[in-house]
>>> print(open('input.txt').read())   # compact mmCIF, C-alpha atoms
# COMPACT_ATOMS: atom_id res chain seq x y z
CA MET O 177 52.50 -80.96 78.58
CA GLN O 178 54.24 -78.73 81.05
CA MET O 179 56.51 -77.13 78.48
CA LEU O 180 53.60 -75.77 76.47
CA GLN O 181 51.70 -74.29 79.35
CA GLY O 182 50.96 -70.65 78.76
CA TYR O 183 51.88 -70.84 75.10
CA LEU O 184 48.73 -72.50 73.89
CA ASP O 185 45.09 -72.05 74.83
CA GLU O 186 41.88 -74.10 74.69
CA GLN O 187 41.80 -73.94 70.93
CA PHE O 188 44.74 -76.35 70.79
CA ILE O 189 42.73 -78.78 72.89
CA GLN O 190 39.87 -78.39 70.40
CA LEU O 191 42.27 -79.50 67.69
CA GLU O 192 43.31 -82.53 69.70
CA GLU O 193 39.67 -83.44 70.16
CA LEU O 194 39.17 -83.34 66.40
CA GLN O 195 41.90 -85.91 65.96
CA ASP O 196 40.82 -89.52 65.78
CA ASP O 197 41.85 -92.86 64.35
CA GLU O 198 40.77 -91.81 60.87
CA ASN O 199 42.68 -88.55 61.13
CA PRO O 200 45.54 -89.49 63.44
CA ASN O 201 47.83 -86.67 62.38
CA PHE O 202 45.34 -83.88 62.22
CA VAL O 203 46.94 -81.69 64.88
CA GLU O 204 50.40 -82.00 63.43
CA GLU O 205 49.06 -81.30 59.93
CA ILE O 206 47.34 -78.15 61.08
CA VAL O 207 50.37 -77.00 63.05
CA THR O 208 52.59 -77.66 60.03
CA LEU O 209 50.26 -75.58 57.89
CA PHE O 210 50.46 -72.83 60.46
CA PHE O 211 54.24 -72.73 60.46
CA ASN O 212 54.45 -72.82 56.67
CA ASP O 213 51.93 -70.02 56.46
CA SER O 214 53.45 -67.94 59.20
CA ALA O 215 57.00 -68.33 57.88
CA ARG O 216 55.79 -66.83 54.63
CA LEU O 217 53.93 -64.05 56.42
CA LEU O 218 56.90 -63.20 58.59
CA GLN O 219 59.10 -62.97 55.52
CA ASN O 220 56.61 -60.64 53.86
CA ILE O 221 56.47 -58.54 56.99
CA GLU O 222 60.23 -58.26 57.22
CA GLN O 223 60.36 -57.22 53.57
CA THR O 224 57.81 -54.54 54.34
CA LEU O 225 59.97 -53.32 57.20
CA VAL O 226 63.30 -53.18 55.39
CA SER O 227 62.35 -51.94 51.94
CA GLY O 228 62.06 -48.17 52.05
CA PRO O 229 59.24 -46.27 53.78
CA ILE O 230 57.12 -48.72 55.69
CA ASP O 231 53.73 -49.53 54.24
CA PHE O 232 51.87 -49.87 57.51
CA ALA O 233 48.58 -50.79 55.86
CA LYS O 234 50.28 -53.75 54.23
CA LEU O 235 51.91 -54.61 57.53
CA ASP O 236 48.57 -54.52 59.28
CA ASN O 237 47.10 -56.81 56.64
CA TYR O 238 49.86 -59.38 57.15
CA MET O 239 49.59 -59.18 60.92
CA HIS O 240 45.83 -59.63 60.66
CA GLN O 241 46.35 -62.86 58.72
CA PHE O 242 49.02 -63.93 61.18
CA LYS O 243 46.72 -63.24 64.10
CA GLY O 244 43.96 -65.25 62.45
CA SER O 245 45.99 -68.38 61.97
CA SER O 246 47.63 -68.11 65.41
CA SER O 247 44.21 -67.94 66.90
CA SER O 248 43.11 -70.98 64.88
CA ILE O 249 45.78 -73.18 66.44
CA GLY O 250 45.56 -71.68 69.91
CA ALA O 251 48.93 -69.92 69.83
CA LYS O 252 48.05 -67.61 72.70
CA ARG O 253 51.21 -65.57 73.07
CA VAL O 254 51.67 -65.04 69.36
CA LYS O 255 48.04 -64.00 69.02
CA ASN O 256 48.30 -61.57 71.92
CA GLY O 257 51.43 -60.10 70.38
CA CYS O 258 49.48 -59.49 67.18
CA THR O 259 46.76 -57.73 69.18
CA ARG O 260 49.35 -55.44 70.77
CA PHE O 261 50.72 -54.77 67.30
CA LYS O 262 47.26 -53.71 66.17
CA ASP O 263 46.99 -51.28 69.08
CA TYR O 264 50.26 -49.60 68.12
CA TYR O 265 49.21 -49.56 64.47
CA MET O 266 45.92 -47.89 65.29
CA ALA O 267 47.77 -45.35 67.42
CA GLY O 268 50.16 -44.65 64.55
CA ASN O 269 53.11 -45.67 66.70
CA ALA O 270 55.72 -46.94 64.25
CA GLU O 271 58.32 -47.77 66.87
CA GLY O 272 55.74 -49.71 68.87
CA CYS O 273 54.75 -51.63 65.73
CA ILE O 274 58.29 -52.70 65.02
CA ARG O 275 58.98 -53.61 68.62
CA THR O 276 55.89 -55.78 68.94
CA PHE O 277 56.58 -57.39 65.60
CA LEU O 278 59.98 -58.49 66.90
CA GLN O 279 58.33 -59.85 70.03
CA VAL O 280 55.84 -61.78 67.92
CA LYS O 281 58.64 -63.15 65.80
CA ARG O 282 60.45 -64.35 68.90
CA GLU O 283 57.34 -65.93 70.43
CA HIS O 284 56.68 -67.65 67.14
CA ALA O 285 60.18 -69.16 67.08
CA ILE O 286 59.88 -70.35 70.69
CA LEU O 287 56.52 -71.94 69.97
CA ARG O 288 57.88 -73.67 66.92
CA THR O 289 60.69 -75.26 68.92
CA LYS O 290 58.33 -76.38 71.65
CA LEU O 291 55.78 -77.86 69.28
CA GLU O 292 58.45 -79.69 67.33
CA ALA O 293 59.62 -81.27 70.57
CA TYR O 294 56.02 -82.03 71.53
CA PHE O 295 55.30 -83.92 68.34
CA GLN O 296 58.62 -85.68 68.56
CA LEU O 297 57.65 -86.99 71.98
CA ALA O 298 54.20 -87.96 70.77
CA ARG O 299 55.72 -89.95 67.92
CA GLN O 300 58.03 -91.75 70.30
CA ALA O 301 55.13 -92.60 72.55
CA GLY O 302 53.27 -94.20 69.67
CA PRO O 303 50.47 -93.23 67.27
CA SER O 304 47.47 -91.23 68.47
CA VAL O 305 48.93 -90.73 71.89
CA ILE O 306 48.82 -86.98 72.12
CA PRO O 307 47.75 -86.43 75.72
CA ARG O 308 44.41 -84.73 75.78
CA GLY O 309 43.57 -81.74 77.84
CA GLN O 310 46.97 -81.40 79.38
CA VAL O 311 47.90 -78.23 77.65
CA ARG O 312 46.31 -75.62 79.87
CA MET A 251 32.15 -97.20 49.45
CA GLY A 252 29.12 -94.94 49.39
CA MET A 253 26.68 -97.07 47.45
CA ALA A 254 24.08 -97.21 50.18
CA ALA A 255 25.50 -94.32 52.18
CA GLU A 256 23.02 -92.31 54.14
CA ALA A 257 22.29 -89.05 52.38
CA GLN A 258 24.48 -86.39 53.91
CA TYR A 259 23.96 -82.70 54.02
CA HIS A 260 26.41 -80.90 51.80
CA VAL A 261 28.12 -77.80 53.12
CA LEU A 262 30.08 -75.38 50.98
CA ALA A 263 32.84 -73.76 53.03
CA VAL A 264 34.52 -70.57 51.82
CA ASP A 265 37.74 -69.22 53.34
CA ASP A 266 40.89 -67.77 51.82
CA SER A 267 43.05 -69.21 54.61
CA LEU A 268 44.16 -72.78 53.91
CA LEU A 269 44.54 -73.47 57.61
CA ASP A 270 41.03 -72.29 58.39
CA ARG A 271 39.66 -74.26 55.46
CA LYS A 272 41.25 -77.44 56.81
CA LEU A 273 39.87 -76.67 60.23
CA ILE A 274 36.30 -75.97 59.14
CA GLU A 275 36.41 -79.01 56.93
CA ARG A 276 37.40 -81.22 59.86
CA LEU A 277 34.77 -79.65 62.11
CA LEU A 278 32.08 -80.23 59.48
CA LYS A 279 33.17 -83.77 58.64
CA THR A 280 33.30 -84.67 62.32
CA SER A 281 29.69 -83.53 62.43
CA SER A 282 28.89 -85.86 59.50
CA TYR A 283 28.56 -83.30 56.76
CA HIS A 284 29.83 -83.70 53.27
CA VAL A 285 32.11 -80.75 52.58
CA THR A 286 33.36 -78.79 49.60
CA ALA A 287 35.87 -76.10 50.51
CA VAL A 288 36.83 -73.24 48.20
CA ASP A 289 39.18 -70.34 48.71
CA SER A 290 37.16 -67.42 47.39
CA GLY A 291 33.69 -65.99 46.94
CA SER A 292 34.00 -66.13 43.17
CA LYS A 293 34.92 -69.83 43.29
CA ALA A 294 31.93 -70.39 45.55
CA LEU A 295 29.60 -68.71 43.04
CA GLU A 296 31.18 -70.70 40.25
CA PHE A 297 30.47 -73.90 42.17
CA LEU A 298 26.94 -72.79 42.97
CA GLY A 299 26.37 -71.74 39.38
CA LEU A 300 26.13 -75.40 38.57
CA LEU A 301 22.91 -75.53 40.53
CA GLU A 302 21.43 -73.10 38.05
CA ASP A 303 22.53 -75.29 35.18
CA HIS A 304 20.84 -78.27 36.82
CA GLU A 305 17.61 -76.38 37.19
CA GLN A 306 17.56 -75.38 33.59
CA ASN A 307 17.50 -79.03 32.71
CA ASP A 308 14.50 -81.19 33.46
CA ALA A 309 14.13 -80.89 37.22
CA ASN A 310 12.32 -84.18 37.41
CA ALA A 311 14.98 -86.24 35.74
CA PRO A 312 17.40 -88.24 37.83
CA SER A 313 20.42 -86.10 38.54
CA VAL A 314 22.72 -87.54 35.96
CA SER A 315 25.29 -84.88 35.52
CA LEU A 316 27.09 -84.29 32.25
CA ASN A 317 30.13 -83.49 34.30
CA ASP A 318 30.47 -86.23 36.90
CA HIS A 319 32.82 -84.12 38.94
CA HIS A 320 29.93 -81.88 39.93
CA GLN A 321 27.29 -84.49 40.64
CA ASP A 322 26.96 -83.35 44.23
CA ALA A 323 26.43 -79.72 43.39
CA GLU A 324 23.39 -79.54 45.67
CA VAL A 325 24.38 -77.42 48.62
CA ASN A 326 22.43 -77.40 51.86
CA LEU A 327 24.35 -74.64 53.61
CA ILE A 328 27.12 -72.19 52.90
CA ILE A 329 29.58 -71.16 55.57
CA THR A 330 31.91 -68.33 54.67
CA ASP A 331 34.65 -66.23 56.16
CA TYR A 332 33.89 -62.52 56.28
CA CYS A 333 37.33 -61.07 55.56
CA MET A 334 38.49 -62.26 52.18
CA PRO A 335 40.36 -60.42 49.45
CA GLY A 336 38.22 -59.44 46.48
CA MET A 337 34.73 -60.59 47.35
CA THR A 338 34.08 -60.49 51.08
CA GLY A 339 31.79 -62.94 52.83
CA TYR A 340 29.23 -60.17 53.03
CA ASP A 341 29.42 -59.58 49.27
CA LEU A 342 28.96 -63.30 48.73
CA LEU A 343 25.98 -63.35 51.09
CA ARG A 344 24.34 -60.53 49.17
CA LYS A 345 24.89 -62.17 45.81
CA ILE A 346 23.37 -65.39 47.09
CA LYS A 347 20.34 -63.63 48.56
CA GLU A 348 19.85 -61.70 45.33
CA SER A 349 19.88 -64.88 43.28
CA LYS A 350 16.51 -66.40 42.53
CA SER A 351 17.86 -69.93 42.56
CA LEU A 352 20.30 -69.60 45.45
CA LYS A 353 18.53 -67.31 47.89
CA ASP A 354 17.05 -70.08 49.98
CA ILE A 355 20.38 -71.68 50.74
CA PRO A 356 21.19 -70.83 54.35
CA VAL A 357 24.38 -68.81 54.78
CA VAL A 358 26.54 -68.59 57.90
CA ILE A 359 29.29 -66.02 58.32
CA MET A 360 32.55 -66.53 60.25
CA SER A 361 34.82 -63.76 61.41
CA SER A 362 37.84 -63.33 63.64
CA GLU A 363 36.58 -59.89 64.63
CA ASN A 364 33.76 -59.23 67.05
CA ILE A 365 32.24 -56.12 65.53
CA PRO A 366 28.55 -55.74 66.42
CA SER A 367 27.73 -53.53 63.43
CA ARG A 368 29.29 -56.13 61.13
CA ILE A 369 27.34 -58.93 62.78
CA ASN A 370 24.06 -57.01 62.55
CA ARG A 371 24.63 -56.12 58.93
CA CYS A 372 25.16 -59.78 58.04
CA LEU A 373 22.14 -60.97 59.98
CA GLU A 374 20.01 -58.25 58.41
CA GLU A 375 21.18 -59.30 54.99
CA GLY A 376 19.91 -62.79 55.72
CA ALA A 377 22.77 -64.71 57.32
CA GLU A 378 21.45 -67.40 59.64
CA GLU A 379 24.30 -67.27 62.12
CA PHE A 380 27.50 -65.40 62.74
CA PHE A 381 30.34 -67.40 64.25
CA LEU A 382 33.40 -65.89 65.85
CA LYS A 383 36.64 -67.58 64.90
CA PRO A 384 38.10 -69.92 65.84
CA VAL A 385 34.93 -71.84 65.12
CA GLN A 386 34.12 -74.55 67.65
CA LEU A 387 32.30 -77.87 67.43
CA SER A 388 29.58 -76.29 69.54
CA ASP A 389 29.09 -73.69 66.79
CA VAL A 390 28.86 -76.35 64.11
CA SER A 391 26.22 -78.16 66.14
CA LYS A 392 24.00 -75.10 65.64
CA LEU A 393 23.92 -75.66 61.89
CA ARG A 394 21.56 -78.59 61.62
CA PRO A 395 18.22 -76.79 62.16
CA HIS A 396 19.18 -74.31 59.44
CA MET A 397 19.83 -77.13 57.03
CA LEU A 398 16.46 -78.69 57.47
CA LYS A 399 14.92 -75.29 56.89
CA GLY A 400 16.87 -74.93 53.67
CA LYS A 401 15.92 -78.35 52.40
CA ASP A 402 12.22 -77.79 52.87
CA LYS A 403 12.37 -74.77 50.64
CA GLU A 404 14.43 -76.41 47.94
CA SER A 405 11.80 -78.86 46.82
CA GLN A 406 12.82 -78.60 43.20
CA LEU A 407 16.18 -80.18 43.92
CA ASN A 408 16.47 -83.94 44.07
CA ILE A 409 17.38 -84.54 47.67
CA ILE A 410 16.55 -87.60 49.64
CA ASN A 411 16.66 -87.66 53.36
CA LYS A 412 16.21 -91.17 54.67
CA ARG A 413 15.54 -89.83 58.12
CA LYS A 414 12.33 -88.33 56.82
CA GLY A 415 10.96 -91.74 56.09
CA MET A 416 10.87 -94.21 53.27
CA GLU A 417 7.57 -92.98 51.79
CA GLU A 418 9.07 -89.83 50.44
CA CYS A 419 11.93 -91.69 48.91
CA HIS A 420 9.69 -93.65 46.63
CA SER A 421 8.19 -90.62 44.90
CA PRO A 422 9.36 -90.91 41.31
CA ASP A 423 10.20 -87.26 40.93
CA LYS A 424 12.41 -87.43 43.97
CA THR A 425 14.25 -90.56 43.06
CA ARG A 426 17.90 -89.94 43.53
CA THR A 427 20.10 -92.35 41.68
CA LYS A 428 22.07 -93.21 44.80
CA TYR A 429 19.07 -94.53 46.65
CA ASP A 430 17.75 -97.05 44.15
CA GLY A 431 21.15 -98.28 43.26
CA LEU A 432 21.58 -96.57 39.94
CA GLU A 433 24.42 -94.59 41.35
CA VAL A 434 26.20 -92.33 38.97
CA VAL A 435 29.68 -92.06 40.29
>>> encode(input="input.txt", output="structure tokens")
Amino acid sequence: MQMLQGYLDEQFIQLEELQDDENPNFVEEIVTLFFNDSARLLQNIEQTLVSGPIDFAKLDNYMHQFKGSSSSIGAKRVKNGCTRFKDYYMAGNAEGCIRTFLQVKREHAILRTKLEAYFQLARQAGPSVIPRGQVR
Amino acid sequence: MGMAAEAQYHVLAVDDSLLDRKLIERLLKTSSYHVTAVDSGSKALEFLGLLEDHEQNDANAPSVSLNDHHQDAEVNLIITDYCMPGMTGYDLLRKIKESKSLKDIPVVIMSSENIPSRINRCLEEGAEEFFLKPVQLSDVSKLRPHMLKGKDKESQLNIINKRKGMEECHSPDKTRTKYDGLEVV
């Protein structure tokens, strides 16, 4: 789908290919898991940022988890944001860390909106009609 | 369902991420493996510990388990994430390779990070493969040869592989309850 171009990579197509008649909602289930997981992670991260001196090791741990699950669903921009975060973390650049975190948070919200619309459309079109290979 | 089901290889998947567990489970099931997924190395060892209990019993008896929940405790391959809190995938690998009863079970490591020294360490410790996450179907297709290898070594476990031919299935000491209809569910 046009609207998701650039936001998702080949991994998302992998997920679609794993969906079949016996597991017709696999992609949506995985994506739902991702957003539940990431919402929790983002909350933890924000807590880390607002409560006193920032524990950057903890932050890095959360971002690592976040990067992992973004990568698992093919959330390209979010994943790349997490990589940039890591670079700033390794360089000890606190301001850079916070800035990239906010970017990641924004990308995450945009992706969520787009995917919700995507699944909405798929449902309207009928079961198991997620177009394959169109998200490039 | 499952009375005359073809014997499936059983893979134990270990990953602390629920999302990744669901994913690896789907990848493995799509490739016709029976899957048990756990969220930690210690849970994996707990699950595998049942194999040791089985072996302490008469190895030639049909595998009637006292605890039906664990009747399929035979594991043909373990696939584990590297980065896990507490026991890492590497720690788990070592424990398995150090165990007399478990050391022949093939182990595959998955990691989101491409760190050559990490990969080498795992392979040197006895891991069969090292997959970079996100794991693909093409990765999972590399598992089958390792499973056959594992099975050949585990002759003391009651495993029947119909693909190997009917002759072997009739050996009394290899009779698995599922095959001759005395299925213990």
>>> closest_residue(input="input.txt", among="O:Ile189, O:Ile286, O:Val280, O:Leu297", to="Leu218 (chain O)", atoms="all atoms listed in the file")
O:Val280
>>> closest_residue(input="input.txt", among="A:Pro335, A:Asn370, A:Tyr259, A:Asp289", to="chain O", atoms="only C-alpha atoms")
A:Pro335
>>> interface_residues(input="input.txt", of="chain A", to="chain O", cutoff="8 Å", atoms="only C-alpha atoms", output="PDB file with C-alpha atoms, keeping the file's coordinate frame")
ATOM      1  CA  SER A 267      43.050 -69.210  54.610  1.00  0.00           C
ATOM      2  CA  LEU A 268      44.160 -72.780  53.910  1.00  0.00           C
ATOM      3  CA  LEU A 269      44.540 -73.470  57.610  1.00  0.00           C
ATOM      4  CA  ASP A 270      41.030 -72.290  58.390  1.00  0.00           C
ATOM      5  CA  LYS A 272      41.250 -77.440  56.810  1.00  0.00           C
ATOM      6  CA  LEU A 273      39.870 -76.670  60.230  1.00  0.00           C
ATOM      7  CA  ARG A 276      37.400 -81.220  59.860  1.00  0.00           C
ATOM      8  CA  LEU A 277      34.770 -79.650  62.110  1.00  0.00           C
ATOM      9  CA  THR A 280      33.300 -84.670  62.320  1.00  0.00           C
ATOM     10  CA  SER A 362      37.840 -63.330  63.640  1.00  0.00           C
ATOM     11  CA  LYS A 383      36.640 -67.580  64.900  1.00  0.00           C
ATOM     12  CA  PRO A 384      38.100 -69.920  65.840  1.00  0.00           C
ATOM     13  CA  GLN A 386      34.120 -74.550  67.650  1.00  0.00           C
TER      14      GLN A 386
END
>>> closest_residue(input="input.txt", among="O:Met239, O:Thr259, O:Met266, O:Gln178", to="Gln219 (chain O)", atoms="all atoms listed in the file")
O:Met239
>>> atom_distance(input="input.txt", atom1="CA of Gly336 (chain A)", atom2="CA of Ala287 (chain A)")
17.3 Å
>>> closest_residue(input="input.txt", among="O:Leu180, O:Leu291, O:Leu235, O:Leu217", to="Ile274 (chain O)", atoms="all atoms listed in the file")
O:Leu235
>>> residues_near_point(input="input.txt", point="(33.4, -80.6, 56.0)", cutoff="12 Å", atoms="only C-alpha atoms", output="MDAnalysis selection string")
chainID A and resid 258:264 270:288 327:329 387 390
>>> atom_distance(input="input.txt", atom1="CA of Tyr238 (chain O)", atom2="CA of Asn220 (chain O)")
7.6 Å
>>> closest_residue(input="input.txt", among="A:Lys293, A:Ala257, A:Phe381, A:Met397", to="Pro356 (chain A)", atoms="all atoms listed in the file")
A:Met397
>>> atom_distance(input="input.txt", atom1="CA of Phe188 (chain O)", atom2="CA of Pro200 (chain O)")
15.1 Å
>>> residues_around(input="input.txt", residues="Leu342 (chain A)", least_positions_apart="3", cutoff="9 Å", atoms="all atoms listed in the file", output="ChimeraX atom specification")
/A:291-292,294-295,330,337-339,345-347
>>> residues_around(input="input.txt", residues="Ile221 (chain O)", least_positions_apart="6", cutoff="10 Å", atoms="all atoms listed in the file", output="list in words")
Ala215, Ile230, Asp231, Phe232, Lys234, Leu235, Asp236, Asn237, Tyr238, Met239 and Phe277 of chain O
>>> residues_near_point(input="input.txt", point="(61.0, -79.4, 78.4)", cutoff="9 Å", atoms="only C-alpha atoms", output="list in words")
Met177, Gln178, Met179, Leu180, Lys290, Ala293 and Tyr294 of chain O
>>> write_last_selection(input="input.txt", atoms="C-alpha atoms", output="PDB file, in the frame of the given file")
ATOM      1  CA  MET O 177      52.500 -80.960  78.580  1.00  0.00           C
ATOM      2  CA  GLN O 178      54.240 -78.730  81.050  1.00  0.00           C
ATOM      3  CA  MET O 179      56.510 -77.130  78.480  1.00  0.00           C
ATOM      4  CA  LEU O 180      53.600 -75.770  76.470  1.00  0.00           C
ATOM      5  CA  LYS O 290      58.330 -76.380  71.650  1.00  0.00           C
ATOM      6  CA  ALA O 293      59.620 -81.270  70.570  1.00  0.00           C
ATOM      7  CA  TYR O 294      56.020 -82.030  71.530  1.00  0.00           C
TER       8      TYR O 294
END
>>> closest_residue(input="input.txt", among="O:Glu204, O:Ala267, O:Ala251, O:Gln181", to="Gln296 (chain O)", atoms="all atoms listed in the file")
O:Glu204
